[in-house]
$ cat entry-v1.cif   # mmCIF, C-alpha atoms
data_work
#
loop_
_atom_site.label_atom_id
_atom_site.label_comp_id
_atom_site.auth_asym_id
_atom_site.auth_seq_id
_atom_site.Cartn_x
_atom_site.Cartn_y
_atom_site.Cartn_z
CA MET X 1 -42.44 -78.75 63.20
CA ASN X 2 -38.66 -78.26 62.96
CA TYR X 3 -37.92 -76.53 59.68
CA LEU X 4 -34.38 -77.92 59.58
CA THR X 5 -35.57 -81.51 59.61
CA GLU X 6 -37.98 -80.78 56.76
CA ARG X 7 -35.43 -79.03 54.61
CA GLN X 8 -33.98 -80.94 51.67
CA ASN X 9 -30.25 -80.25 51.73
CA ILE X 10 -27.81 -81.23 49.01
CA SER X 11 -24.86 -83.45 49.92
CA ILE X 12 -21.70 -83.21 47.81
CA PRO X 13 -18.61 -85.40 48.39
CA ILE X 14 -15.36 -83.49 48.98
CA PRO X 15 -12.55 -85.28 47.10
CA GLU X 16 -8.91 -85.22 48.14
CA GLU X 17 -8.13 -82.73 45.34
CA PHE X 18 -10.45 -80.16 46.94
CA ARG X 19 -8.79 -80.64 50.33
CA GLU X 20 -5.33 -80.25 48.79
CA ASN X 21 -6.33 -76.97 47.14
CA ALA X 22 -7.79 -75.71 50.40
CA LEU X 23 -4.66 -76.71 52.33
CA LYS X 24 -2.43 -74.95 49.81
CA PHE X 25 -4.37 -71.69 50.18
CA ALA X 26 -4.48 -72.04 53.97
CA ARG X 27 -0.68 -72.33 54.22
CA GLU X 28 -0.35 -68.88 52.63
CA GLN X 29 -2.06 -67.22 55.61
CA PRO X 30 -0.20 -65.44 58.44
CA THR X 31 -2.18 -66.93 61.36
CA GLN X 32 -3.81 -70.22 62.29
CA THR X 33 -7.21 -68.53 62.56
CA ARG X 34 -6.97 -67.13 59.06
CA ALA X 35 -5.64 -70.43 57.73
CA ARG X 36 -8.61 -72.32 59.14
CA GLN X 37 -11.06 -69.80 57.69
CA VAL X 38 -9.48 -69.88 54.22
CA TYR X 39 -9.46 -73.69 54.31
CA LEU X 40 -13.19 -73.86 55.01
CA ASN X 41 -13.97 -71.04 52.57
CA THR X 42 -12.17 -72.86 49.79
CA LEU X 43 -13.98 -76.12 50.47
CA ALA X 44 -17.37 -74.34 50.51
CA VAL X 45 -16.66 -72.62 47.17
CA GLN X 46 -15.61 -75.90 45.54
CA VAL X 47 -18.70 -77.71 46.87
CA VAL X 48 -21.06 -75.07 45.47
CA ASN X 49 -19.14 -75.00 42.19
CA THR X 50 -19.57 -78.76 41.85
CA TYR X 51 -23.30 -78.53 42.56
CA LEU X 52 -23.89 -75.76 40.01
CA GLN X 53 -21.91 -77.61 37.36
CA MET X 54 -24.17 -80.63 37.95
CA LEU X 55 -27.09 -78.32 37.09
CA ASP X 56 -25.29 -77.02 33.97
CA ILE X 57 -25.15 -73.53 35.49
CA PRO X 58 -21.92 -71.98 34.12
CA THR X 59 -19.39 -70.73 36.67
CA ASP X 60 -16.02 -69.00 36.44
CA LEU X 61 -14.00 -70.24 39.40
CA GLU X 62 -10.76 -68.63 38.24
CA SER X 63 -12.30 -65.14 38.18
CA SER X 64 -13.61 -65.44 41.75
CA TYR X 65 -12.02 -63.25 44.44
CA SER X 66 -11.55 -66.35 46.58
CA LEU X 67 -9.04 -67.66 44.01
CA HIS X 68 -6.89 -64.51 44.13
CA PRO X 69 -4.00 -64.81 46.63
CA TYR X 70 -4.03 -61.10 47.51
CA ARG X 71 -7.79 -60.99 48.13
CA ARG X 72 -7.58 -64.11 50.30
CA LEU X 73 -4.86 -62.42 52.32
CA ILE X 74 -6.69 -59.17 53.05
CA ASP X 75 -10.38 -60.14 52.98
CA ASP X 76 -12.54 -62.97 54.30
CA VAL X 77 -13.98 -63.89 50.89
CA ALA X 78 -15.63 -67.13 49.74
CA ASP X 79 -17.20 -66.09 46.45
CA LEU X 80 -17.88 -67.99 43.23
CA VAL X 81 -18.55 -66.15 39.96
CA LEU X 82 -21.64 -67.31 38.11
CA THR X 83 -20.92 -66.49 34.48
CA GLY X 84 -22.81 -63.41 33.38
CA ILE X 85 -24.60 -63.14 36.73
CA GLY X 86 -22.16 -62.08 39.45
CA HIS X 87 -20.44 -63.14 42.66
CA LEU X 88 -22.18 -65.73 44.85
CA GLU X 89 -20.84 -65.95 48.43
CA CYS X 90 -20.37 -69.51 49.74
CA ARG X 91 -20.06 -69.52 53.55
CA ALA X 92 -19.03 -72.55 55.58
CA ILE X 93 -20.35 -73.86 58.89
CA ARG X 94 -19.35 -77.04 60.76
CA THR X 95 -21.64 -79.94 61.64
CA GLY X 96 -23.92 -78.92 64.49
CA ASP X 97 -23.62 -75.16 63.88
CA ARG X 98 -26.88 -73.27 63.54
CA ILE X 99 -25.39 -69.79 63.04
CA CYS X 100 -23.40 -68.77 59.96
CA TYR X 101 -21.07 -65.76 60.14
CA ILE X 102 -21.15 -63.37 57.18
CA PRO X 103 -18.30 -60.79 57.33
CA PRO X 104 -19.29 -57.17 56.56
CA GLU X 105 -16.84 -56.95 53.64
CA VAL X 106 -19.07 -59.29 51.60
CA TRP X 107 -22.45 -57.66 52.35
CA ASN X 108 -22.36 -55.78 49.03
CA ASP X 109 -21.69 -56.75 45.42
CA ARG X 110 -23.05 -60.27 45.87
CA ILE X 111 -25.97 -61.88 44.07
CA GLY X 112 -26.64 -64.03 47.12
CA TYR X 113 -25.29 -66.21 49.91
CA VAL X 114 -25.19 -70.01 50.17
CA VAL X 115 -24.46 -71.83 53.43
CA VAL X 116 -22.45 -75.06 53.25
CA GLU X 117 -22.03 -77.44 56.21
CA ILE X 118 -18.59 -79.10 56.20
CA ASN X 119 -18.45 -82.32 58.22
CA GLN X 120 -15.73 -83.01 60.81
CA THR X 121 -13.57 -85.08 58.43
CA CYS X 122 -13.97 -82.53 55.60
CA THR X 123 -15.14 -85.27 53.25
CA GLU X 124 -18.68 -84.02 52.66
CA GLY X 125 -20.42 -80.70 52.21
CA LYS X 126 -24.14 -80.15 52.68
CA ILE X 127 -25.69 -77.13 50.99
CA TRP X 128 -28.38 -75.88 53.38
CA GLY X 129 -29.93 -72.99 51.48
CA PHE X 130 -29.74 -69.51 50.05
CA LEU X 131 -30.30 -65.84 50.94
CA PRO X 132 -30.45 -63.10 48.28
CA ASN X 133 -28.96 -60.47 50.63
CA VAL X 134 -27.77 -59.97 54.20
CA THR X 135 -27.54 -56.99 56.55
CA THR X 136 -26.16 -58.67 59.66
CA SER X 137 -23.06 -60.69 60.55
CA GLU X 138 -24.92 -63.69 61.99
CA ILE X 139 -27.48 -65.71 60.05
CA ASP X 140 -29.60 -68.40 61.66
CA ILE X 141 -29.80 -71.20 59.10
CA ASN X 142 -33.54 -71.41 59.79
CA GLN X 143 -33.73 -68.15 57.77
CA LEU X 144 -32.35 -69.76 54.63
CA GLN X 145 -34.51 -70.13 51.55
CA PRO X 146 -34.62 -73.22 49.30
CA LEU X 147 -32.07 -73.35 46.51
CA ASP X 148 -34.87 -72.94 43.96
CA GLU X 149 -34.51 -69.17 44.31
CA LEU X 150 -30.81 -69.35 43.44
CA ILE X 151 -31.48 -71.63 40.47
CA GLU X 152 -34.16 -69.23 39.23
CA ARG X 153 -31.78 -66.29 39.49
CA SER X 154 -29.17 -68.17 37.47
CA HIS X 155 -31.55 -68.00 34.49
CA LEU X 156 -32.09 -64.24 34.76
CA VAL X 157 -29.98 -61.51 33.20
CA SER X 158 -28.30 -59.81 36.16
CA LEU X 159 -27.95 -56.07 35.63
CA ARG X 160 -26.01 -55.75 38.89
CA ALA X 161 -23.38 -57.94 37.22
CA TRP X 162 -23.25 -55.48 34.32
CA LEU X 163 -22.20 -52.77 36.76
CA GLU X 164 -19.27 -55.06 37.61
CA ASN X 165 -18.47 -55.65 33.90
CA ILE X 166 -19.74 -59.25 33.96
CA TYR X 167 -21.71 -60.21 30.85
CA THR X 168 -22.93 -63.27 29.00
CA THR X 169 -21.79 -63.72 25.40
CA GLU X 170 -25.17 -63.03 23.77
CA TRP X 171 -25.08 -59.46 25.09
CA GLN X 172 -22.52 -57.47 23.10
CA THR X 173 -21.23 -53.92 23.18
CA VAL X 174 -22.93 -51.66 20.67
CA GLU X 175 -19.59 -51.22 18.89
CA GLU X 176 -19.04 -54.99 18.52
CA PHE X 177 -22.62 -55.50 17.43
CA THR X 178 -22.44 -52.77 14.79
CA ARG X 179 -19.06 -53.88 13.46
CA LYS X 180 -20.17 -57.48 12.91
CA ARG X 181 -23.41 -56.58 11.16
CA LYS X 182 -22.46 -53.80 8.77
CA PRO X 183 -24.05 -52.84 6.47
CA GLN X 184 -27.19 -54.61 7.67
CA PHE X 185 -27.29 -52.67 10.91
CA ALA X 186 -26.22 -49.07 11.37
CA PHE X 187 -26.58 -48.10 15.01
CA ARG X 188 -28.17 -44.68 15.50
CA SER X 189 -25.91 -43.11 18.09
CA ILE X 190 -26.80 -39.61 19.13
CA LYS X 191 -25.43 -36.95 16.79
CA ARG X 192 -27.50 -33.96 17.80
CA VAL X 193 -28.79 -32.73 21.13
CA ARG X 194 -31.18 -29.78 21.18
CA GLY X 195 -30.30 -29.10 17.56
CA LEU X 196 -26.54 -29.01 18.12
CA LYS X 197 -24.17 -31.44 16.43
CA LEU X 198 -21.53 -33.04 18.65
CA GLU X 199 -18.51 -31.92 16.68
CA SER X 200 -16.41 -29.91 19.15
CA GLN X 201 -15.77 -29.34 22.83
CA ASP X 202 -17.49 -25.94 22.71
CA ILE X 203 -20.67 -27.57 21.38
CA VAL X 204 -20.68 -30.03 24.27
CA TRP X 205 -20.28 -27.12 26.66
CA GLN X 206 -23.25 -25.38 25.05
CA ILE X 207 -25.37 -28.48 25.62
CA ILE X 208 -24.35 -28.71 29.28
CA GLU X 209 -25.08 -25.03 29.78
CA GLN X 210 -28.52 -25.50 28.20
CA PHE X 211 -29.31 -28.10 30.83
CA TYR X 212 -27.85 -25.99 33.65
CA PRO X 213 -28.39 -22.38 32.54
CA ASN X 214 -28.25 -20.90 36.05
CA HIS X 215 -25.48 -23.11 37.37
CA SER X 216 -22.48 -21.37 38.90
CA TRP X 217 -19.88 -23.85 37.77
CA GLN X 218 -17.04 -22.41 39.80
CA LYS X 219 -19.07 -22.73 43.03
CA GLY X 220 -21.26 -25.71 42.22
CA LEU X 221 -18.63 -28.32 41.40
CA PRO X 222 -15.62 -29.65 43.27
CA SER X 223 -12.43 -27.89 42.21
CA LYS X 224 -11.25 -30.85 40.15
CA PHE X 225 -14.38 -30.47 37.97
CA MET X 226 -14.04 -26.73 37.30
CA PRO X 227 -14.20 -26.10 33.55
CA LYS X 228 -11.05 -24.93 31.80
CA LYS X 229 -12.43 -24.36 28.35
CA PHE X 230 -9.65 -22.06 27.25
CA ASN X 231 -6.74 -23.56 29.11
CA ASN X 232 -4.33 -25.01 26.56
CA ARG X 233 -2.53 -26.92 29.28
CA CYS X 234 -5.52 -29.21 29.89
CA GLU X 235 -5.03 -32.86 29.00
CA LYS X 236 -6.69 -33.50 25.64
CA ILE X 237 -8.30 -36.78 24.64
CA GLU X 238 -9.25 -37.92 21.13
CA VAL X 239 -12.77 -39.28 21.30
CA ASN X 240 -15.06 -41.44 19.17
CA ASN X 241 -15.99 -38.86 16.53
CA ASN X 242 -12.34 -37.80 15.99
CA SER X 243 -12.87 -34.66 18.06
CA ILE X 244 -10.46 -33.55 20.76
CA ILE X 245 -12.05 -33.19 24.20
CA SER X 246 -10.41 -32.19 27.48
CA SER X 247 -10.25 -34.76 30.27
CA GLU X 248 -11.87 -32.15 32.54
CA LEU X 249 -14.96 -32.04 30.33
CA LEU X 250 -15.30 -35.81 30.45
CA ASP X 251 -14.96 -35.65 34.25
CA ILE X 252 -17.75 -33.08 34.42
CA LEU X 253 -20.03 -35.21 32.25
CA VAL X 254 -19.42 -38.19 34.55
CA HIS X 255 -20.04 -36.06 37.65
CA LEU X 256 -23.34 -34.76 36.27
CA ILE X 257 -24.49 -38.23 35.19
CA LYS X 258 -23.90 -39.51 38.71
CA THR X 259 -25.48 -36.58 40.56
CA THR X 260 -28.31 -35.13 38.47
CA GLU X 261 -31.83 -35.76 39.74
CA ASP X 262 -33.57 -35.36 36.37
CA GLU X 263 -33.77 -38.68 34.51
CA GLU X 264 -34.09 -37.17 31.02
CA THR X 265 -30.98 -35.08 31.62
CA ARG X 266 -29.10 -38.09 33.03
CA TRP X 267 -29.72 -40.21 29.95
CA THR X 268 -29.00 -37.39 27.50
CA LEU X 269 -25.65 -36.74 29.18
CA ALA X 270 -24.94 -40.48 29.22
CA GLU X 271 -25.66 -40.67 25.51
CA ILE X 272 -23.30 -37.76 24.85
CA LEU X 273 -20.60 -39.66 26.73
CA TRP X 274 -21.42 -42.83 24.74
CA THR X 275 -20.90 -40.86 21.55
CA LEU X 276 -17.67 -39.23 22.71
CA GLN X 277 -16.13 -42.21 24.50
CA PRO X 278 -18.30 -45.35 24.40
CA ASN X 279 -15.91 -47.38 26.56
CA HIS X 280 -15.73 -44.86 29.38
CA PRO X 281 -16.10 -46.87 32.64
CA ALA X 282 -18.97 -44.66 33.85
CA VAL X 283 -21.26 -45.78 31.02
CA THR X 284 -20.07 -49.23 29.94
CA ALA X 285 -23.08 -51.07 31.43
CA ARG X 286 -24.83 -50.95 28.05
CA ARG X 287 -25.35 -54.00 25.88
CA ILE X 288 -27.36 -55.03 22.84
CA MET X 289 -28.74 -58.39 21.64
CA ASP X 290 -30.03 -59.55 18.28
CA LEU X 291 -33.59 -60.83 18.71
CA GLY X 292 -33.48 -62.30 15.22
CA MET X 293 -36.42 -62.71 12.84
CA GLN X 294 -38.82 -63.93 15.50
CA LEU X 295 -41.23 -60.99 15.35
CA ASP X 296 -43.49 -61.80 12.42
CA GLY X 297 -40.46 -61.86 10.10
CA SER X 298 -39.07 -58.55 11.35
CA ALA X 299 -35.47 -58.45 12.61
CA VAL X 300 -34.89 -56.19 15.63
CA ALA X 301 -32.30 -55.69 18.36
CA LEU X 302 -32.85 -54.96 22.06
CA MET X 303 -30.49 -52.56 23.82
CA VAL X 304 -30.39 -52.32 27.63
CA ALA X 305 -28.37 -49.81 29.64
CA VAL X 306 -28.12 -49.19 33.38
CA LEU X 307 -26.71 -46.34 35.47
CA PRO X 308 -26.31 -46.26 39.26
CA LYS X 309 -28.04 -43.32 40.97
CA PRO X 310 -27.08 -41.33 44.09
CA ASP X 311 -30.02 -42.81 46.06
CA GLN X 312 -28.63 -46.35 45.52
CA THR X 313 -31.31 -47.23 42.96
CA ILE X 314 -30.62 -48.07 39.32
CA ALA X 315 -31.75 -46.17 36.22
CA VAL X 316 -32.71 -48.51 33.36
CA LEU X 317 -33.01 -47.69 29.65
CA LEU X 318 -34.60 -50.11 27.16
CA ARG X 319 -34.52 -49.61 23.38
CA VAL X 320 -35.55 -51.61 20.35
CA TYR X 321 -33.88 -50.93 16.98
CA PRO X 322 -34.69 -52.23 13.47
CA MET X 323 -31.98 -54.48 12.05
CA ASN X 324 -32.50 -54.40 8.29
CA ASN X 325 -34.77 -51.41 7.71
CA ALA X 326 -34.67 -47.71 8.44
CA TYR X 327 -37.76 -47.87 10.65
CA LEU X 328 -39.43 -50.27 13.04
CA PRO X 329 -42.54 -52.08 11.81
CA LEU X 330 -45.72 -50.18 12.60
CA GLY X 331 -47.33 -51.40 15.82
CA LEU X 332 -44.28 -53.12 17.33
CA GLN X 333 -44.54 -52.88 21.13
CA LEU X 334 -41.95 -52.65 23.88
CA ALA X 335 -43.14 -53.22 27.47
CA GLY X 336 -41.64 -53.47 30.94
CA LEU X 337 -43.45 -56.05 33.07
CA TYR X 338 -43.62 -56.89 36.75
CA GLU X 339 -42.85 -60.48 37.78
CA ASP X 340 -46.55 -61.35 37.53
CA GLY X 341 -46.67 -60.25 33.90
CA GLN X 342 -48.53 -56.96 34.45
CA ALA X 343 -47.12 -54.09 32.40
CA PHE X 344 -45.81 -51.02 34.20
CA LEU X 345 -44.61 -49.22 31.04
CA GLU X 346 -45.43 -49.67 27.34
CA VAL X 347 -44.61 -47.93 24.07
CA GLN X 348 -45.63 -48.68 20.47
CA ALA X 349 -43.80 -47.92 17.24
CA ARG X 350 -45.31 -45.50 14.77
CA GLY X 351 -44.56 -45.47 11.07
CA ASP X 352 -41.41 -43.35 11.26
CA ASP X 353 -39.70 -44.58 14.46
CA ASP X 354 -36.09 -45.70 14.02
CA TYR X 355 -36.21 -46.84 17.64
CA ILE X 356 -38.55 -46.91 20.62
CA GLN X 357 -37.53 -46.75 24.26
CA LEU X 358 -38.58 -46.95 27.91
CA LYS X 359 -36.88 -45.47 30.98
CA PHE X 360 -37.51 -46.35 34.63
CA CYS X 361 -35.78 -46.84 37.97
CA ALA X 362 -35.50 -50.00 40.08
CA GLU X 363 -33.96 -51.18 43.33
CA PHE X 364 -31.33 -53.86 43.82
CA GLY X 365 -32.95 -57.28 43.99
CA GLU X 366 -35.99 -56.32 41.88
CA LYS X 367 -36.97 -58.57 39.00
CA PHE X 368 -38.71 -57.48 35.81
CA ARG X 369 -39.42 -58.68 32.30
CA VAL X 370 -39.01 -57.01 28.94
CA ARG X 371 -41.54 -57.92 26.26
CA VAL X 372 -41.14 -57.12 22.57
CA SER X 373 -44.18 -58.01 20.46
CA LEU X 374 -45.66 -57.60 17.01
CA ASN X 375 -49.09 -58.97 16.18
CA ASP X 376 -49.12 -62.48 17.71
CA ALA X 377 -45.31 -62.83 17.92
CA VAL X 378 -43.82 -62.20 21.39
CA ILE X 379 -40.26 -62.28 22.78
CA THR X 380 -39.67 -61.98 26.55
CA GLU X 381 -36.38 -61.49 28.41
CA ASN X 382 -36.13 -61.77 32.22
CA PHE X 383 -33.92 -59.50 34.32
CA VAL X 384 -32.90 -58.92 37.93
CA ILE X 385 -31.19 -55.84 39.31
#
$ encode --input "entry-v1.cif" --output "structure tokens"
Amino acid sequence: MNYLTERQNISIPIPEEFRENALKFAREQPTQTRARQVYLNTLAVQVVNTYLQMLDIPTDLESSYSLHPYRRLIDDVADLVLTGIGHLECRAIRTGDRICYIPPEVWNDRIGYVVVEINQTCTEGKIWGFLPNVTTSEIDINQLQPLDELIERSHLVSLRAWLENIYTTEWQTVEEFTRKRKPQFAFRSIKRVRGLKLESQDIVWQIIEQFYPNHSWQKGLPSKFMPKKFNNRCEKIEVNNNSIISSELLDILVHLIKTTEDEETRWTLAEILWTLQPNHPAVTARRIMDLGMQLDGSAVALMVAVLPKPDQTIAVLLRVYPMNNAYLPLGLQLAGLYEDGQAFLEVQARGDDDYIQLKFCAEFGEKFRVRVSLNDAVITENFVI
């Protein structure tokens, strides 16, 4: 049985407006080869955008690399931003082609790849299917998966997108969330680590040296990260708690967060950086959402944070906070679930917990669920790395 004849593809008309846009972008290119590629790329992106809008899947065409003149000039890009999810690559083939070329520059930082067949008159596009990732330049369209997988992913919270600063509106920064809900919600940011209050640069150094007591800083770090605790010529930065911290110290914190192998240390250092400079680009992939009064009348908030690791996996932190009370209700549960609903981590609130948390690591492409429950009330959020 020929798989291609059994596949249900999606046909989308290509109006004159789409062709005019594609021709405009093509004329900006320095060669005929590049012009032809940009023309087809632009048509493919517009076809996929039309299809997703028909499904009420929000897209952000203007934020896509394929709409930026400079990116079109230097890279072979055909991406479409799915709002809050990430960049979807839309690659074109012509009628009769069975191989789709995927340039190496788009193998990373994509949530998936869609292949679109453009007919000879450029009046119709057929969407053949989807791949979540690629590792080779040539894809046989027999390898493509049904579009159901793409549609499913569009309803998941993409944590890879968070690493690219792409978020949906219901997930807010902790600072925004706290500001809008005062005095009902007072976020418990870290104030003490190992008994030390974060009130000066020297205290932060003491904390780092507690974690790395035998570390030879001068030999163990690149020269740009060498500490200059007593150098008055260092650039000073005013941070979140009105303290003055050197830029070198912030650089060292970032370096250690990215390179440490101990997960507890990684998250403690990340939380120090959140406290000192919550909008630092190394730790901005942290968001919080109000789960409302759905848990047996108890109002709670779910915080999720992610950090990239040196081994190309992702560290994930989950926390649940009380909204209107000092402590979580006794017995409230937080669980991380596999796709099939089986729990791989669980924690339960005691009587004096002002938050509960879970930490784990995952690979790109993995899906998981987060379940927050109290008695018979359950809230579940679905995620993909």
$ residues_around --input "entry-v1.cif" --residues "X:Ala301" --least-positions-apart "3" --cutoff "6 Å" --atoms "only C-alpha atoms" --output "list in words"
Met289, Asp290, Leu291, Val320 and Tyr321 of chain X
$ atom_distance --input "entry-v1.cif" --atom1 "atom CA of X:Asn133" --atom2 "atom CA of X:Arg110"
7.6 Å
$ resolve_selection --input "entry-v1.cif" --expression "the PyMOL selection byres ((chain X and resi 364) around 7)" --output "count of residues only"
6
$ resolve_selection --input "entry-v1.cif" --expression "the PyMOL selection byres ((chain X and resi 104) around 10)" --output "MDAnalysis selection string"
chainID X and resid 76 101:103 105:108 134:137
$ closest_residue --input "entry-v1.cif" --among "X:Gly84, X:Pro69, X:Gly112, X:Gly125" --to "X:Thr50" --atoms "all atoms listed in the file"
X:Gly125
$ closest_residue --input "entry-v1.cif" --among "X:Leu144, X:Thr121, X:Tyr65, X:Glu175" --to "X:Cys100" --atoms "all atoms listed in the file"
X:Leu144
$ resolve_selection --input "entry-v1.cif" --expression "the PyMOL selection byres ((chain X and resi 64) around 10)" --output "list in words"
Val45, Thr59, Asp60, Leu61, Glu62, Ser63, Tyr65, Ser66, Leu67, His68, Arg71, Val77, Ala78, Asp79, Leu80, Val81, Leu82, Gly86, His87, Leu88 and Glu89 of chain X
$ atom_distance --input "entry-v1.cif" --atom1 "atom CA of X:Ile127" --atom2 "atom CA of X:Val115"
6.0 Å
$ atom_distance --input "entry-v1.cif" --atom1 "atom CA of X:Ile151" --atom2 "atom CA of X:Val47"
15.5 Å
$ closest_residue --input "entry-v1.cif" --among "X:Leu332, X:Ala285, X:Val304, X:Leu250" --to "X:Leu358" --atoms "all atoms listed in the file"
X:Val304
$ residues_around --input "entry-v1.cif" --residues "X:Leu374" --least-positions-apart "2" --cutoff "9 Å" --atoms "all atoms listed in the file" --output "JSON, numbers by chain"
{"X": [295, 296, 298, 329, 330, 331, 332, 333, 372, 376, 377, 378]}
$ residues_around --input "entry-v1.cif" --residues "X:Leu40" --least-positions-apart "2" --cutoff "8 Å" --atoms "all atoms listed in the file" --output "ChimeraX atom specification"
/X:22,36-38,42-44,92,118
$ write_last_selection --input "entry-v1.cif" --atoms "C-alpha atoms" --output "mmCIF file, in the coordinates of the input"
data_model
loop_
_atom_site.group_PDB
_atom_site.id
_atom_site.type_symbol
_atom_site.label_atom_id
_atom_site.label_comp_id
_atom_site.auth_asym_id
_atom_site.auth_seq_id
_atom_site.Cartn_x
_atom_site.Cartn_y
_atom_site.Cartn_z
ATOM 1 C CA ALA X 22 -7.790 -75.710 50.400
ATOM 2 C CA ARG X 36 -8.610 -72.320 59.140
ATOM 3 C CA GLN X 37 -11.060 -69.800 57.690
ATOM 4 C CA VAL X 38 -9.480 -69.880 54.220
ATOM 5 C CA THR X 42 -12.170 -72.860 49.790
ATOM 6 C CA LEU X 43 -13.980 -76.120 50.470
ATOM 7 C CA ALA X 44 -17.370 -74.340 50.510
ATOM 8 C CA ALA X 92 -19.030 -72.550 55.580
ATOM 9 C CA ILE X 118 -18.590 -79.100 56.200
#
$ closest_residue --input "entry-v1.cif" --among "X:Glu28, X:Asp148, X:Asp56, X:Asp109" --to "X:Asn9" --atoms "only C-alpha atoms"
X:Asp148
$ closest_residue --input "entry-v1.cif" --among "X:Glu271, X:Lys359, X:Asp354, X:Glu152" --to "X:Ile314" --atoms "all atoms listed in the file"
X:Lys359
$ axis_aligned_box --input "entry-v1.cif" --around "stretch 366-381 of chain X" --padding-each-side "8 Å" --output "lines of an AutoDock Vina configuration file"
center_x = -42.6
center_y = -59.6
center_z = 29.0
size_x = 29.1
size_y = 22.5
size_z = 41.7
